[in-house]
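**Student:** Pasting a structure below so you can have a look.
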Amino acid sequence: MTGAFKSSTLISWKSLGKLQQTVAKCIERTGKALHSGKIATVKISPEFAGEGRYFVYRSKLIPASIDFADDSPLCTTLCKDGKSVRTVEHLLSSLEAAGVDNCRIEIISSDSEDKSVEVGIIFFFKCMCIILRDI
């Protein structure tokens with residue numbers, strides 16, 4: 001049967017060689033950043049297989065990939081099109097440990113002028129409790 005597997009808006013089928021996972025539901029937390037002390041809200045949403053993990057900040061999509069890593073002291077920073085997300089290593093390693101292959105990570109900063117945002121450290125621990133409980 002040619003064309004038996006197709007993608008649609010309801011079903012995502014991309015043969016990647018392994019089953020992939022996402023989060024069971026949206027998770028949203030607000031917390032204080034470790035280095036800057038600024039408040040940020042992080043919302044993790046389910047995503048289709050093959051989409052990967054990526055950040056959205058000020059309507060800019062920043063893939064969670066080494067290709068977008070920027071040189072920065074004390075943390076991992078991802079940059080694209082003049083926007084950056086800092087201190088992503090804890091959240092990304094937590095998602096990896098939980099087996100989450102695909103998710104949208106939206107960051108909302110308390111400062112509307114910032115071109116860069118730091119992910120709140122307390123978020124990781126609260127988020128991981130929810131993710132691990134739902135697996």
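Simple scheme: letters A, B, ... for chains in structure tokens order, numbers from 1 for residues in each chain, numbers from 1 for ligands in the order shown.
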Determine which residues of stretch 48-92 of chain A DSSP labels as alpha helix (DSSP H) from the backbone of this structure, then write them out as a ChimeraX atom specification.
**Tutor:** /A:89-92
**Student:** A:Val100: which residues within 9 Å, counting only C-alpha atoms, same-chain residues fewer than 6 positions away excluded, as a list of chain:residue names?
**Tutor:**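 My list of contacting residues is A:Gln20, A:Gln21, A:Thr22, A:Val23, A:Gly52, A:Arg53, A:Ser94, A:Ile131.
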**Student:** Excluding A:Asp67 and residues on its chain fewer than 4 positions from it, collect all residues at most 10 Å away from it, counting only C-alpha atoms, and give them as a list in words.
**Tutor:**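 Residues near the query, excluding close chain neighbours: Pro63, Leu78, Cys79 and Lys80 of chain A.
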**Student:** Please, could you write that set of residues out with C-alpha atoms as a CSV table (one decimal), in the first residue's frame?
**Tutor:**
chain,number,residue,atom,x,y,z
A,63,PRO,CA,16.1,25.4,18.5
A,78,LEU,CA,21.1,29.7,22.8
A,79,CYS,CA,20.8,32.6,20.3
A,80,LYS,CA,19.0,33.3,17.1
**Student:** Interatomic distance between atom CA of A:Ser36 and atom CA of A:Glu118?
**Tutor:** 7.4 Å
**Student:** Could you pull out the strand (DSSP E or B) residues of stretch 55-115 of chain A from DSSP and send them as a list in words?
**Tutor:**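 Strand (DSSP E or B) assignments inside stretch 55-115 of chain A correspond to Phe55, Val56, Tyr57, Lys60, Leu61, Ile62, Pro63, Ala69, Asp70, Thr77, Leu78, Cys79, Lys80, Lys83, Ser84, Val85, Arg86, Asn102, Cys103, Arg104, Ile105, Glu106, Ile107, Ile108 and Ser109 of chain A.
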**Student:** Considering only C-alpha atoms, state which residue in the set A:Lys32, A:Lys18, A:His90, A:Lys83 is at the smallest distance from A:Lys60.
**Tutor:**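 The answer is A:Lys83, which sits nearest to A:Lys60.
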**Student:** Nearest to A:Asp81 among A:Ile107, A:Ala97, A:Ser65, A:Lys115, with distances taken over only C-alpha atoms: which residue is it?
**Tutor:**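 Closest candidate: A:Lys115.
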